[in-house]
Amino acid sequence: PSQEVYLEPSAQPFEGKVYVLTSGETASAAEILTLSSMVLPQVTRVGSATEGVFSDVLGKSLPIGWEFGLSNEIYESAEGKDYENQGIPAEKEFPYPRDTRAFYESLQTLESEGDPAIEWVIKEVGN
């Protein structure tokens with residue numbers, strides 16, 4: 001059955017701008033945080049779409065000794081949208097590679113060339 005979760009804000013919430021950097025490597029708990037932040041008007045998602053892997057794995061065993069796991073949860077946005085398998089899109093898109101190896105190889109150039117998403121955030125914060 002569906003279960004709604006509500007969080008109460010603190011008495012003194014941070015109300016400044018927040019930027020969440022995402023990529024195809026953003027999954028699991030980081031993706032749930034990203035999904036939860038979508039209702040906050042001061043949060044901007046920057047980068048590329050998340051991986052689309054939200055649920056914990058439910059492990060099972062068969063009588064013949066085989067083991068398997070399956071996704072047994074559905075996470076939806078406040079509007080009821082399911083981002084499983086497609087990921088949560090960034091509001092300010094920067095095309096990080098979707099392939100894991102290519103993504104991590106692209107990180108090797110950050111020190112010398114910088115990251116365009118982070119550079120964009122730095123400019124936004126300066127304004």
# chains A, B, ... in the order shown; residues from 1 in each chain; ligands from 1
$ closest_atom_pairs --of "stretch 5-51 of chain A" --to "stretch 107-125 of chain A" --cutoff "9 Å" --atoms "only C-alpha atoms" --output "JSON lines"
{"residue": "A:Lys17", "atom": "CA", "partner": "A:Val125", "partner_atom": "CA", "distance": 8.2}
{"residue": "A:Tyr19", "atom": "CA", "partner": "A:Val121", "partner_atom": "CA", "distance": 7.2}
{"residue": "A:Leu21", "atom": "CA", "partner": "A:Ala117", "partner_atom": "CA", "distance": 7.6}
{"residue": "A:Val46", "atom": "CA", "partner": "A:Ala117", "partner_atom": "CA", "distance": 6.4}
{"residue": "A:Gly47", "atom": "CA", "partner": "A:Ala117", "partner_atom": "CA", "distance": 5.8}
$ write_last_selection --atoms "all heavy atoms" --output "mmCIF file, in the first residue's frame"
data_model
loop_
_atom_site.group_PDB
_atom_site.id
_atom_site.type_symbol
_atom_site.label_atom_id
_atom_site.label_comp_id
_atom_site.auth_asym_id
_atom_site.auth_seq_id
_atom_site.Cartn_x
_atom_site.Cartn_y
_atom_site.Cartn_z
ATOM 1 N N LYS A 17 19.749 29.914 -1.227
ATOM 2 C CA LYS A 17 19.791 29.056 -2.407
ATOM 3 C C LYS A 17 20.621 27.811 -2.138
ATOM 4 O O LYS A 17 21.650 27.864 -1.467
ATOM 5 C CB LYS A 17 20.379 29.803 -3.599
ATOM 6 C CG LYS A 17 19.496 30.915 -4.109
ATOM 7 C CD LYS A 17 20.122 31.584 -5.317
ATOM 8 C CE LYS A 17 19.224 32.684 -5.843
ATOM 9 N NZ LYS A 17 19.807 33.315 -7.041
ATOM 10 N N TYR A 19 22.150 24.298 -4.274
ATOM 11 C CA TYR A 19 22.384 23.661 -5.567
ATOM 12 C C TYR A 19 22.757 22.205 -5.317
ATOM 13 O O TYR A 19 23.670 21.924 -4.538
ATOM 14 C CB TYR A 19 23.499 24.380 -6.332
ATOM 15 C CG TYR A 19 23.139 25.822 -6.624
ATOM 16 C CD1 TYR A 19 23.478 26.832 -5.733
ATOM 17 C CD2 TYR A 19 22.430 26.151 -7.769
ATOM 18 C CE1 TYR A 19 23.122 28.145 -5.977
ATOM 19 C CE2 TYR A 19 22.075 27.473 -8.022
ATOM 20 C CZ TYR A 19 22.421 28.458 -7.125
ATOM 21 O OH TYR A 19 22.067 29.765 -7.373
ATOM 22 N N LEU A 21 24.187 18.959 -7.091
ATOM 23 C CA LEU A 21 24.899 18.478 -8.266
ATOM 24 C C LEU A 21 24.561 17.009 -8.478
ATOM 25 O O LEU A 21 24.742 16.193 -7.571
ATOM 26 C CB LEU A 21 26.402 18.665 -8.077
ATOM 27 C CG LEU A 21 27.300 18.251 -9.244
ATOM 28 C CD1 LEU A 21 26.989 19.089 -10.484
ATOM 29 C CD2 LEU A 21 28.755 18.407 -8.847
ATOM 30 N N VAL A 46 21.506 20.663 -10.639
ATOM 31 C CA VAL A 46 22.483 21.044 -11.658
ATOM 32 C C VAL A 46 23.280 19.812 -12.057
ATOM 33 O O VAL A 46 23.722 19.048 -11.199
ATOM 34 C CB VAL A 46 23.451 22.126 -11.112
ATOM 35 C CG1 VAL A 46 24.470 22.528 -12.163
ATOM 36 C CG2 VAL A 46 22.683 23.334 -10.601
ATOM 37 N N GLY A 47 23.467 19.595 -13.352
ATOM 38 C CA GLY A 47 24.266 18.472 -13.844
ATOM 39 C C GLY A 47 23.510 17.709 -14.901
ATOM 40 O O GLY A 47 23.058 18.276 -15.882
#
$ residues_around --residues "A:Tyr96" --least-positions-apart "5" --cutoff "9 Å" --atoms "only C-alpha atoms" --output "PyMOL selection string"
chain A and resi 23-24+47-49+102-103+106
$ write_last_selection --atoms "N, CA and C atoms" --output "PDB file, in the first residue's frame"
ATOM      1  N   SER A  23      24.327  13.476 -11.356  1.00  0.00           N
ATOM      2  CA  SER A  23      24.808  12.824 -12.583  1.00  0.00           C
ATOM      3  C   SER A  23      24.176  11.441 -12.638  1.00  0.00           C
ATOM      4  N   GLY A  24      24.534  10.688 -13.638  1.00  0.00           N
ATOM      5  CA  GLY A  24      24.071   9.315 -13.745  1.00  0.00           C
ATOM      6  C   GLY A  24      24.611   8.426 -12.644  1.00  0.00           C
ATOM      7  N   GLY A  47      23.467  19.595 -13.352  1.00  0.00           N
ATOM      8  CA  GLY A  47      24.266  18.472 -13.844  1.00  0.00           C
ATOM      9  C   GLY A  47      23.510  17.709 -14.901  1.00  0.00           C
ATOM     10  N   SER A  48      23.366  16.409 -14.677  1.00  0.00           N
ATOM     11  CA  SER A  48      22.592  15.586 -15.600  1.00  0.00           C
ATOM     12  C   SER A  48      21.664  14.692 -14.793  1.00  0.00           C
ATOM     13  N   ALA A  49      20.794  13.993 -15.484  1.00  0.00           N
ATOM     14  CA  ALA A  49      19.787  13.158 -14.818  1.00  0.00           C
ATOM     15  C   ALA A  49      20.434  12.123 -13.903  1.00  0.00           C
ATOM     16  N   ALA A 102      33.156   6.031 -18.491  1.00  0.00           N
ATOM     17  CA  ALA A 102      33.376   7.320 -19.157  1.00  0.00           C
ATOM     18  C   ALA A 102      33.191   8.478 -18.169  1.00  0.00           C
ATOM     19  N   PHE A 103      32.225   8.350 -17.255  1.00  0.00           N
ATOM     20  CA  PHE A 103      32.002   9.395 -16.259  1.00  0.00           C
ATOM     21  C   PHE A 103      33.235   9.558 -15.381  1.00  0.00           C
ATOM     22  N   SER A 106      36.082  11.094 -17.137  1.00  0.00           N
ATOM     23  CA  SER A 106      35.908  12.534 -17.339  1.00  0.00           C
ATOM     24  C   SER A 106      36.301  13.331 -16.100  1.00  0.00           C
TER      25      SER A 106
END
$ residues_around --residues "A:Tyr75" --least-positions-apart "3" --cutoff "12 Å" --atoms "only C-alpha atoms" --output "count of residues only"
29
$ select_by_dssp --residues "chain A" --states "helix (DSSP H, G or I)" --output "ChimeraX atom specification"
/A:29-37,100-113,116-126
$ write_last_selection --atoms "N, CA and C atoms" --output "mmCIF file, in the first residue's frame"
data_model
loop_
_atom_site.group_PDB
_atom_site.id
_atom_site.type_symbol
_atom_site.label_atom_id
_atom_site.label_comp_id
_atom_site.auth_asym_id
_atom_site.auth_seq_id
_atom_site.Cartn_x
_atom_site.Cartn_y
_atom_site.Cartn_z
ATOM 1 N N ALA A 29 20.244 6.458 -1.933
ATOM 2 C CA ALA A 29 19.886 7.490 -0.960
ATOM 3 C C ALA A 29 20.093 8.899 -1.516
ATOM 4 N N ALA A 30 21.138 9.104 -2.318
ATOM 5 C CA ALA A 30 21.380 10.427 -2.916
ATOM 6 C C ALA A 30 20.253 10.791 -3.875
ATOM 7 N N GLU A 31 19.716 9.790 -4.534
ATOM 8 C CA GLU A 31 18.609 10.036 -5.462
ATOM 9 C C GLU A 31 17.311 10.336 -4.694
ATOM 10 N N ILE A 32 17.123 9.683 -3.570
ATOM 11 C CA ILE A 32 15.942 9.951 -2.743
ATOM 12 C C ILE A 32 16.035 11.363 -2.162
ATOM 13 N N LEU A 33 17.228 11.788 -1.762
ATOM 14 C CA LEU A 33 17.422 13.162 -1.309
ATOM 15 C C LEU A 33 17.079 14.137 -2.433
ATOM 16 N N THR A 34 17.549 13.836 -3.648
ATOM 17 C CA THR A 34 17.259 14.688 -4.799
ATOM 18 C C THR A 34 15.755 14.758 -5.051
ATOM 19 N N LEU A 35 15.082 13.618 -4.989
ATOM 20 C CA LEU A 35 13.628 13.568 -5.169
ATOM 21 C C LEU A 35 12.928 14.403 -4.102
ATOM 22 N N SER A 36 13.356 14.265 -2.862
ATOM 23 C CA SER A 36 12.740 15.007 -1.756
ATOM 24 C C SER A 36 12.950 16.505 -1.889
ATOM 25 N N SER A 37 14.075 16.909 -2.430
ATOM 26 C CA SER A 37 14.385 18.341 -2.537
ATOM 27 C C SER A 37 13.581 19.038 -3.627
ATOM 28 N N THR A 100 29.346 4.596 -16.796
ATOM 29 C CA THR A 100 30.099 4.755 -15.546
ATOM 30 C C THR A 100 31.580 4.977 -15.787
ATOM 31 N N ARG A 101 32.181 4.160 -16.617
ATOM 32 C CA ARG A 101 33.621 4.296 -16.865
ATOM 33 C C ARG A 101 33.943 5.650 -17.503
ATOM 34 N N ALA A 102 33.156 6.031 -18.491
ATOM 35 C CA ALA A 102 33.376 7.320 -19.157
ATOM 36 C C ALA A 102 33.191 8.478 -18.169
ATOM 37 N N PHE A 103 32.225 8.350 -17.255
ATOM 38 C CA PHE A 103 32.002 9.395 -16.259
ATOM 39 C C PHE A 103 33.235 9.558 -15.381
ATOM 40 N N TYR A 104 33.737 8.448 -14.842
ATOM 41 C CA TYR A 104 34.902 8.542 -13.956
ATOM 42 C C TYR A 104 36.158 8.978 -14.706
ATOM 43 N N GLU A 105 36.287 8.603 -15.957
ATOM 44 C CA GLU A 105 37.415 9.088 -16.751
ATOM 45 C C GLU A 105 37.311 10.596 -16.977
ATOM 46 N N SER A 106 36.082 11.094 -17.137
ATOM 47 C CA SER A 106 35.908 12.534 -17.339
ATOM 48 C C SER A 106 36.301 13.331 -16.100
ATOM 49 N N LEU A 107 36.246 12.715 -14.929
ATOM 50 C CA LEU A 107 36.635 13.409 -13.701
ATOM 51 C C LEU A 107 38.127 13.712 -13.658
ATOM 52 N N GLN A 108 38.918 12.986 -14.443
ATOM 53 C CA GLN A 108 40.369 13.192 -14.455
ATOM 54 C C GLN A 108 40.748 14.575 -14.984
ATOM 55 N N THR A 109 39.880 15.174 -15.778
ATOM 56 C CA THR A 109 40.189 16.485 -16.354
ATOM 57 C C THR A 109 39.709 17.646 -15.491
ATOM 58 N N LEU A 110 39.016 17.357 -14.408
ATOM 59 C CA LEU A 110 38.450 18.435 -13.598
ATOM 60 C C LEU A 110 39.508 19.374 -13.030
ATOM 61 N N GLU A 111 40.613 18.824 -12.589
ATOM 62 C CA GLU A 111 41.639 19.666 -11.977
ATOM 63 C C GLU A 111 42.223 20.657 -12.985
ATOM 64 N N SER A 112 42.426 20.202 -14.206
ATOM 65 C CA SER A 112 43.028 21.087 -15.204
ATOM 66 C C SER A 112 41.998 21.926 -15.961
ATOM 67 N N GLU A 113 40.811 21.371 -16.213
ATOM 68 C CA GLU A 113 39.826 22.069 -17.041
ATOM 69 C C GLU A 113 38.632 22.619 -16.261
ATOM 70 N N PRO A 116 32.089 22.256 -15.655
ATOM 71 C CA PRO A 116 31.182 23.324 -16.086
ATOM 72 C C PRO A 116 29.986 23.523 -15.157
ATOM 73 N N ALA A 117 29.488 22.462 -14.544
ATOM 74 C CA ALA A 117 28.348 22.600 -13.629
ATOM 75 C C ALA A 117 28.757 23.365 -12.380
ATOM 76 N N ILE A 118 29.898 23.014 -11.829
ATOM 77 C CA ILE A 118 30.378 23.704 -10.627
ATOM 78 C C ILE A 118 30.717 25.154 -10.951
ATOM 79 N N GLU A 119 31.326 25.379 -12.109
ATOM 80 C CA GLU A 119 31.643 26.755 -12.523
ATOM 81 C C GLU A 119 30.359 27.574 -12.664
ATOM 82 N N TRP A 120 29.298 26.963 -13.193
ATOM 83 C CA TRP A 120 28.014 27.660 -13.336
ATOM 84 C C TRP A 120 27.462 28.039 -11.966
ATOM 85 N N VAL A 121 27.518 27.110 -11.006
ATOM 86 C CA VAL A 121 27.031 27.382 -9.658
ATOM 87 C C VAL A 121 27.826 28.524 -9.024
ATOM 88 N N ILE A 122 29.131 28.523 -9.181
ATOM 89 C CA ILE A 122 29.974 29.574 -8.625
ATOM 90 C C ILE A 122 29.545 30.941 -9.180
ATOM 91 N N LYS A 123 29.264 31.005 -10.475
ATOM 92 C CA LYS A 123 28.799 32.266 -11.063
ATOM 93 C C LYS A 123 27.436 32.663 -10.516
ATOM 94 N N GLU A 124 26.536 31.694 -10.361
ATOM 95 C CA GLU A 124 25.198 31.976 -9.814
ATOM 96 C C GLU A 124 25.284 32.501 -8.388
ATOM 97 N N VAL A 125 26.120 31.904 -7.575
ATOM 98 C CA VAL A 125 26.276 32.309 -6.186
ATOM 99 C C VAL A 125 26.848 33.719 -6.116
ATOM 100 N N GLY A 126 27.721 34.050 -7.062
ATOM 101 C CA GLY A 126 28.334 35.380 -7.097
ATOM 102 C C GLY A 126 27.362 36.472 -7.492
#
$ closest_residue --among "A:Pro95, A:Gln86, A:Glu8, A:Met38" --to "A:Val20" --atoms "only C-alpha atoms"
A:Met38
$ atom_distance --atom1 "atom CA of A:Phe14" --atom2 "atom CA of A:Val43"
11.0 Å
$ decode --residues "stretch 65-112 of chain A" --atoms "N, CA and C atoms" --output "PDB file, in the first residue's frame"
ATOM      1  N   GLY A  65      18.712 -23.304  -4.142  1.00  0.00           N
ATOM      2  CA  GLY A  65      19.931 -22.631  -3.727  1.00  0.00           C
ATOM      3  C   GLY A  65      20.229 -21.327  -4.457  1.00  0.00           C
ATOM      4  N   TRP A  66      19.476 -21.015  -5.488  1.00  0.00           N
ATOM      5  CA  TRP A  66      19.686 -19.756  -6.204  1.00  0.00           C
ATOM      6  C   TRP A  66      19.213 -18.597  -5.336  1.00  0.00           C
ATOM      7  N   GLU A  67      19.879 -17.470  -5.498  1.00  0.00           N
ATOM      8  CA  GLU A  67      19.474 -16.251  -4.819  1.00  0.00           C
ATOM      9  C   GLU A  67      19.227 -15.157  -5.849  1.00  0.00           C
ATOM     10  N   PHE A  68      18.278 -14.296  -5.558  1.00  0.00           N
ATOM     11  CA  PHE A  68      17.991 -13.191  -6.462  1.00  0.00           C
ATOM     12  C   PHE A  68      17.516 -12.000  -5.647  1.00  0.00           C
ATOM     13  N   GLY A  69      17.531 -10.843  -6.269  1.00  0.00           N
ATOM     14  CA  GLY A  69      17.041  -9.631  -5.634  1.00  0.00           C
ATOM     15  C   GLY A  69      16.127  -8.885  -6.571  1.00  0.00           C
ATOM     16  N   LEU A  70      15.173  -8.200  -6.004  1.00  0.00           N
ATOM     17  CA  LEU A  70      14.268  -7.406  -6.827  1.00  0.00           C
ATOM     18  C   LEU A  70      13.936  -6.106  -6.123  1.00  0.00           C
ATOM     19  N   SER A  71      13.601  -5.131  -6.927  1.00  0.00           N
ATOM     20  CA  SER A  71      13.200  -3.833  -6.426  1.00  0.00           C
ATOM     21  C   SER A  71      11.764  -3.963  -5.928  1.00  0.00           C
ATOM     22  N   ASN A  72      11.523  -3.625  -4.673  1.00  0.00           N
ATOM     23  CA  ASN A  72      10.178  -3.819  -4.138  1.00  0.00           C
ATOM     24  C   ASN A  72       9.561  -2.549  -3.577  1.00  0.00           C
ATOM     25  N   GLU A  73      10.088  -1.391  -3.977  1.00  0.00           N
ATOM     26  CA  GLU A  73       9.540  -0.121  -3.522  1.00  0.00           C
ATOM     27  C   GLU A  73       9.365   0.805  -4.721  1.00  0.00           C
ATOM     28  N   ILE A  74       8.409   1.681  -4.629  1.00  0.00           N
ATOM     29  CA  ILE A  74       8.194   2.694  -5.659  1.00  0.00           C
ATOM     30  C   ILE A  74       8.261   4.054  -4.986  1.00  0.00           C
ATOM     31  N   TYR A  75       9.192   4.866  -5.425  1.00  0.00           N
ATOM     32  CA  TYR A  75       9.313   6.221  -4.911  1.00  0.00           C
ATOM     33  C   TYR A  75       8.729   7.172  -5.945  1.00  0.00           C
ATOM     34  N   GLU A  76       7.836   8.061  -5.486  1.00  0.00           N
ATOM     35  CA  GLU A  76       7.205   9.028  -6.382  1.00  0.00           C
ATOM     36  C   GLU A  76       7.440  10.444  -5.865  1.00  0.00           C
ATOM     37  N   SER A  77       7.425  11.389  -6.792  1.00  0.00           N
ATOM     38  CA  SER A  77       7.529  12.801  -6.409  1.00  0.00           C
ATOM     39  C   SER A  77       6.225  13.215  -5.723  1.00  0.00           C
ATOM     40  N   ALA A  78       6.199  14.421  -5.187  1.00  0.00           N
ATOM     41  CA  ALA A  78       4.987  14.946  -4.549  1.00  0.00           C
ATOM     42  C   ALA A  78       3.818  14.985  -5.530  1.00  0.00           C
ATOM     43  N   GLU A  79       4.133  15.073  -6.827  1.00  0.00           N
ATOM     44  CA  GLU A  79       3.094  15.097  -7.861  1.00  0.00           C
ATOM     45  C   GLU A  79       2.704  13.693  -8.323  1.00  0.00           C
ATOM     46  N   GLY A  80       3.332  12.664  -7.757  1.00  0.00           N
ATOM     47  CA  GLY A  80       3.011  11.285  -8.120  1.00  0.00           C
ATOM     48  C   GLY A  80       3.801  10.744  -9.295  1.00  0.00           C
ATOM     49  N   LYS A  81       4.880  11.414  -9.712  1.00  0.00           N
ATOM     50  CA  LYS A  81       5.693  10.938 -10.838  1.00  0.00           C
ATOM     51  C   LYS A  81       6.751   9.958 -10.352  1.00  0.00           C
ATOM     52  N   ASP A  82       6.896   8.875 -11.080  1.00  0.00           N
ATOM     53  CA  ASP A  82       7.880   7.834 -10.788  1.00  0.00           C
ATOM     54  C   ASP A  82       9.070   8.027 -11.728  1.00  0.00           C
ATOM     55  N   TYR A  83      10.273   8.198 -11.171  1.00  0.00           N
ATOM     56  CA  TYR A  83      11.474   8.430 -11.966  1.00  0.00           C
ATOM     57  C   TYR A  83      12.354   7.184 -12.064  1.00  0.00           C
ATOM     58  N   GLU A  84      11.837   6.035 -11.666  1.00  0.00           N
ATOM     59  CA  GLU A  84      12.593   4.777 -11.736  1.00  0.00           C
ATOM     60  C   GLU A  84      13.008   4.518 -13.182  1.00  0.00           C
ATOM     61  N   ASN A  85      14.237   4.077 -13.377  1.00  0.00           N
ATOM     62  CA  ASN A  85      14.830   3.738 -14.680  1.00  0.00           C
ATOM     63  C   ASN A  85      15.127   4.928 -15.583  1.00  0.00           C
ATOM     64  N   GLN A  86      14.547   6.092 -15.330  1.00  0.00           N
ATOM     65  CA  GLN A  86      14.832   7.256 -16.189  1.00  0.00           C
ATOM     66  C   GLN A  86      15.647   8.314 -15.461  1.00  0.00           C
ATOM     67  N   GLY A  87      15.540   8.367 -14.147  1.00  0.00           N
ATOM     68  CA  GLY A  87      16.267   9.354 -13.378  1.00  0.00           C
ATOM     69  C   GLY A  87      15.553  10.688 -13.305  1.00  0.00           C
ATOM     70  N   ILE A  88      15.986  11.485 -12.356  1.00  0.00           N
ATOM     71  CA  ILE A  88      15.422  12.819 -12.157  1.00  0.00           C
ATOM     72  C   ILE A  88      16.241  13.795 -13.001  1.00  0.00           C
ATOM     73  N   PRO A  89      15.604  14.522 -13.889  1.00  0.00           N
ATOM     74  CA  PRO A  89      16.370  15.436 -14.742  1.00  0.00           C
ATOM     75  C   PRO A  89      16.901  16.633 -13.952  1.00  0.00           C
ATOM     76  N   ALA A  90      18.017  17.147 -14.404  1.00  0.00           N
ATOM     77  CA  ALA A  90      18.562  18.380 -13.823  1.00  0.00           C
ATOM     78  C   ALA A  90      17.781  19.553 -14.379  1.00  0.00           C
ATOM     79  N   GLU A  91      17.664  20.597 -13.586  1.00  0.00           N
ATOM     80  CA  GLU A  91      17.019  21.812 -14.074  1.00  0.00           C
ATOM     81  C   GLU A  91      17.980  22.613 -14.952  1.00  0.00           C
ATOM     82  N   LYS A  92      19.236  22.601 -14.579  1.00  0.00           N
ATOM     83  CA  LYS A  92      20.290  23.224 -15.390  1.00  0.00           C
ATOM     84  C   LYS A  92      21.173  22.082 -15.865  1.00  0.00           C
ATOM     85  N   GLU A  93      21.033  21.731 -17.124  1.00  0.00           N
ATOM     86  CA  GLU A  93      21.641  20.514 -17.682  1.00  0.00           C
ATOM     87  C   GLU A  93      23.088  20.721 -18.129  1.00  0.00           C
ATOM     88  N   PHE A  94      23.946  19.801 -17.691  1.00  0.00           N
ATOM     89  CA  PHE A  94      25.323  19.683 -18.160  1.00  0.00           C
ATOM     90  C   PHE A  94      25.516  18.213 -18.500  1.00  0.00           C
ATOM     91  N   PRO A  95      25.918  17.896 -19.702  1.00  0.00           N
ATOM     92  CA  PRO A  95      25.902  16.497 -20.187  1.00  0.00           C
ATOM     93  C   PRO A  95      27.041  15.624 -19.665  1.00  0.00           C
ATOM     94  N   TYR A  96      26.933  15.185 -18.425  1.00  0.00           N
ATOM     95  CA  TYR A  96      27.900  14.212 -17.922  1.00  0.00           C
ATOM     96  C   TYR A  96      27.685  12.883 -18.647  1.00  0.00           C
ATOM     97  N   PRO A  97      28.742  12.123 -18.898  1.00  0.00           N
ATOM     98  CA  PRO A  97      28.569  10.814 -19.557  1.00  0.00           C
ATOM     99  C   PRO A  97      27.685   9.884 -18.725  1.00  0.00           C
ATOM    100  N   ARG A  98      26.821   9.114 -19.381  1.00  0.00           N
ATOM    101  CA  ARG A  98      25.952   8.155 -18.684  1.00  0.00           C
ATOM    102  C   ARG A  98      26.702   6.867 -18.358  1.00  0.00           C
ATOM    103  N   ASP A  99      27.670   6.516 -19.185  1.00  0.00           N
ATOM    104  CA  ASP A  99      28.457   5.314 -18.955  1.00  0.00           C
ATOM    105  C   ASP A  99      29.366   5.540 -17.741  1.00  0.00           C
ATOM    106  N   THR A 100      29.346   4.596 -16.796  1.00  0.00           N
ATOM    107  CA  THR A 100      30.099   4.755 -15.546  1.00  0.00           C
ATOM    108  C   THR A 100      31.580   4.977 -15.787  1.00  0.00           C
ATOM    109  N   ARG A 101      32.181   4.160 -16.617  1.00  0.00           N
ATOM    110  CA  ARG A 101      33.621   4.296 -16.865  1.00  0.00           C
ATOM    111  C   ARG A 101      33.943   5.650 -17.503  1.00  0.00           C
ATOM    112  N   ALA A 102      33.156   6.031 -18.491  1.00  0.00           N
ATOM    113  CA  ALA A 102      33.376   7.320 -19.157  1.00  0.00           C
ATOM    114  C   ALA A 102      33.191   8.478 -18.169  1.00  0.00           C
ATOM    115  N   PHE A 103      32.225   8.350 -17.255  1.00  0.00           N
ATOM    116  CA  PHE A 103      32.002   9.395 -16.259  1.00  0.00           C
ATOM    117  C   PHE A 103      33.235   9.558 -15.381  1.00  0.00           C
ATOM    118  N   TYR A 104      33.737   8.448 -14.842  1.00  0.00           N
ATOM    119  CA  TYR A 104      34.902   8.542 -13.956  1.00  0.00           C
ATOM    120  C   TYR A 104      36.158   8.978 -14.706  1.00  0.00           C
ATOM    121  N   GLU A 105      36.287   8.603 -15.957  1.00  0.00           N
ATOM    122  CA  GLU A 105      37.415   9.088 -16.751  1.00  0.00           C
ATOM    123  C   GLU A 105      37.311  10.596 -16.977  1.00  0.00           C
ATOM    124  N   SER A 106      36.082  11.094 -17.137  1.00  0.00           N
ATOM    125  CA  SER A 106      35.908  12.534 -17.339  1.00  0.00           C
ATOM    126  C   SER A 106      36.301  13.331 -16.100  1.00  0.00           C
ATOM    127  N   LEU A 107      36.246  12.715 -14.929  1.00  0.00           N
ATOM    128  CA  LEU A 107      36.635  13.409 -13.701  1.00  0.00           C
ATOM    129  C   LEU A 107      38.127  13.712 -13.658  1.00  0.00           C
ATOM    130  N   GLN A 108      38.918  12.986 -14.443  1.00  0.00           N
ATOM    131  CA  GLN A 108      40.369  13.192 -14.455  1.00  0.00           C
ATOM    132  C   GLN A 108      40.748  14.575 -14.984  1.00  0.00           C
ATOM    133  N   THR A 109      39.880  15.174 -15.778  1.00  0.00           N
ATOM    134  CA  THR A 109      40.189  16.485 -16.354  1.00  0.00           C
ATOM    135  C   THR A 109      39.709  17.646 -15.491  1.00  0.00           C
ATOM    136  N   LEU A 110      39.016  17.357 -14.408  1.00  0.00           N
ATOM    137  CA  LEU A 110      38.450  18.435 -13.598  1.00  0.00           C
ATOM    138  C   LEU A 110      39.508  19.374 -13.030  1.00  0.00           C
ATOM    139  N   GLU A 111      40.613  18.824 -12.589  1.00  0.00           N
ATOM    140  CA  GLU A 111      41.639  19.666 -11.977  1.00  0.00           C
ATOM    141  C   GLU A 111      42.223  20.657 -12.985  1.00  0.00           C
ATOM    142  N   SER A 112      42.426  20.202 -14.206  1.00  0.00           N
ATOM    143  CA  SER A 112      43.028  21.087 -15.204  1.00  0.00           C
ATOM    144  C   SER A 112      41.998  21.926 -15.961  1.00  0.00           C
TER     145      SER A 112
END
